[in-house]
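Colleague: Take a look at this one; I'll ask things after.
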Amino acid sequence: MEKTQVVIVTGLSGSGRSTAIKALEDIGFYCIDNLPIVLLDKVLLLAETHQEVRRVAIGVDIREKLFLGAFEETIAGARAQGHRVDIVFLEASDEVLIRRFSDTRRRHPLLDDGMGLLEAITQERLMLARMKAQATHVVDTTLMNVHQLKGLIQEMFSESPTGVSLNIVSFGYRYGLPREADYVFDCRFLPNPFFVEGLQSKSGVDEEVKTFLRAQSGFREFLERVEQYLLFVLPMHQKEGRPLVTIAFGCTGGRHRSVAAAEEIARMLNEKGFRVRVSHRDVEESL
């Protein structure tokens, strides 16, 4: 009998769990939110007797704290039965979580314990640390809006011809590395278009910048070697059941070299059959 694909969505309150659950529902998952994790075996039994329930998403959060101690054992039991279980842990910075609670006027679930908001967030991080350590995917939503998170989650678990979806992002080192990156490639060895007359105000998506970089020694070979490396490792990600891989390209400001490299690699891998999403985190910061 075909086993069930299970996605456990958990993480910090305010980090986007409801959005992630809705995103999975929209691509055909049977979704149950706030389910005590000890009832997972009942859901899997339901799936075995109903052919249409082959993909299940379960929302688990701190409100089920009485049952969190059984999390590891329950997940291990489901995997031992042959079910594929992915755990998506969502998080965000303290500052962003505080702002989100303020904007929505929602109450943090731990505030009933007599804590202030920051203290409640800190306590929640500690209480969920073991769950985070078990996660197959940790997603930082600090810089995401609801549409970006929805798109990311759907790309992670939509059917892909290659079994792996790619999130390719450009960034500027002066603003820090993307925390979600699985692979980071440094483009700062290339001549910087920022210092070329007429190119400073443009970005790596503009053809003039791409033309300049294509004329530079090493640019094409760099891309070809990156592509060869990724074509070697990505099937291994598929074998390990990791449906999304984030690949980051960085340069000083995140406007020219990293953007062009990300665009070129995205095109090359898309032609190889991968589902590719491209974003440029810092392109507007360096104006």
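Naming scheme: A, B, ... for chains in displayed order of the structure tokens; residues 1 onward per chain; ligands 1 onward as shown.
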Please identify all polymer residues within 12 Å of Leu126 (chain A), counting only C-alpha atoms, omitting same-chain residues fewer than 6 positions from it, and present them as a list of chain:residue names.
Modeller: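 Using only C-alpha atoms, the neighbours found are A:Gly11, A:Leu12, A:Ile62, A:Glu119, A:Ala120, A:Lys132, A:Ala133.
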Colleague: Fewer than 4 positions away in the same chain doesn't count, so skip those; otherwise give me all residues within 8 Å of region 274-283 of chain A, counting only C-alpha atoms, as a list of chain:residue names.
Modeller: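 Final neighbour list, sorted by chain and number: A:Glu155, A:Ser160, A:Pro161, A:Thr162, A:Val164, A:Ser165, A:Leu166, A:Asn167, A:Ile168, A:Val169, A:Ser170, A:Phe171, A:Gly172, A:Tyr175, A:Ser203, A:Gly253, A:Gly254, A:Arg255, A:His256, A:Val259, A:Ala262, A:Glu263, A:Ala266, A:Leu269, A:Asn270, A:Leu287.
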Colleague: Would you write out, as JSON lines, a table of all residues in region 188-273 of chain A that have an atom no more than 12 Å from an atom of region 70-90 of chain A, listing for each the closest atom pair and the distance in Å to one decimal, considering only C-alpha atoms and ordering rows by chain and rising residue number?
Modeller:
```
{"residue": "A:Glu240", "atom": "CA", "partner": "A:Arg84", "partner_atom": "CA", "distance": 10.7}
{"residue": "A:Gly241", "atom": "CA", "partner": "A:Arg84", "partner_atom": "CA", "distance": 8.3}
{"residue": "A:Arg242", "atom": "CA", "partner": "A:Asp86", "partner_atom": "CA", "distance": 8.5}
{"residue": "A:Pro243", "atom": "CA", "partner": "A:Asp86", "partner_atom": "CA", "distance": 9.6}
{"residue": "A:Leu244", "atom": "CA", "partner": "A:Val88", "partner_atom": "CA", "distance": 11.3}
```
Colleague: Pick out the closest residue to Pro193 (chain A) from this set: A:Gln216, A:Met131, A:Thr252, A:Arg257. Count only C-alpha atoms.
Modeller: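 For Pro193 (chain A), the nearest of the given residues is A:Arg257.
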Colleague: Between A:His237, A:His137, A:Arg106, A:Arg214, which has the minimum distance to Val9 (chain A) (counting only C-alpha atoms)?
Modeller: A:His137
Colleague: So which residues touch Leu46 (chain A) within 12 Å, counting only C-alpha atoms, skipping near sequence neighbours fewer than 6 positions away, as a PDB file with C-alpha atoms, in the first residue's frame?
Modeller:
```
ATOM      1  CA  LYS A   3       2.456   5.291   2.212  1.00  0.00           C
ATOM      2  CA  THR A   4       1.383   8.787   3.207  1.00  0.00           C
ATOM      3  CA  TYR A  30      -5.400  17.302   3.630  1.00  0.00           C
ATOM      4  CA  LEU A  39      -3.104  11.635  17.365  1.00  0.00           C
ATOM      5  CA  LEU A  40      -0.926  11.418  14.262  1.00  0.00           C
ATOM      6  CA  GLU A  52      -7.831  10.486  -1.605  1.00  0.00           C
ATOM      7  CA  VAL A  53      -5.912  11.298   1.604  1.00  0.00           C
ATOM      8  CA  ARG A  54      -2.355  10.627   0.433  1.00  0.00           C
ATOM      9  CA  ARG A  55      -0.756  13.927   1.439  1.00  0.00           C
ATOM     10  CA  VAL A  56      -1.364  15.253   4.937  1.00  0.00           C
TER      11      VAL A  56
END
```
Colleague: Mind pulling up the distance from CA of Glu285 (chain A) to CA of Arg188 (chain A)?
Modeller: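 It comes out at 17.3 Å.
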Colleague: Residues near Glu227 (chain A), anyone? I mean within 9 Å using only C-alpha atoms, not counting same-chain ones fewer than 5 positions away, as a CSV table (one decimal) with C-alpha atoms, in the first residue's frame.
Modeller:
```csv
chain,number,residue,atom,x,y,z
A,222,PHE,CA,32.4,30.1,-13.0
A,232,PHE,CA,26.1,16.5,-9.0
A,265,ILE,CA,22.2,29.9,-13.1
A,268,MET,CA,20.6,27.2,-16.9
A,269,LEU,CA,19.0,24.9,-14.3
```
Colleague: If we count only C-alpha atoms and set the cut-off at 12 Å, which residues sit around Leu143 (chain A), ignoring sequence neighbours fewer than 3 positions away in its own chain? Please answer as a list in words.
Modeller: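 In the requested format, the answer is Ser15, Gly16, Glu91, Ala92, Ser93, Glu95, Val96, Leu97, Val139, Asp140, Val146, His147, Gln148, Leu149, Pro178, Arg179, Glu180, Ser279, His280, Arg281 and Asp282 of chain A.
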Colleague: Please provide as a count of residues only all residues within 12 Å of Leu66 (chain A), with the sequence filter that same-chain residues fewer than 6 positions apart are discarded (counting only C-alpha atoms).
Modeller: 6
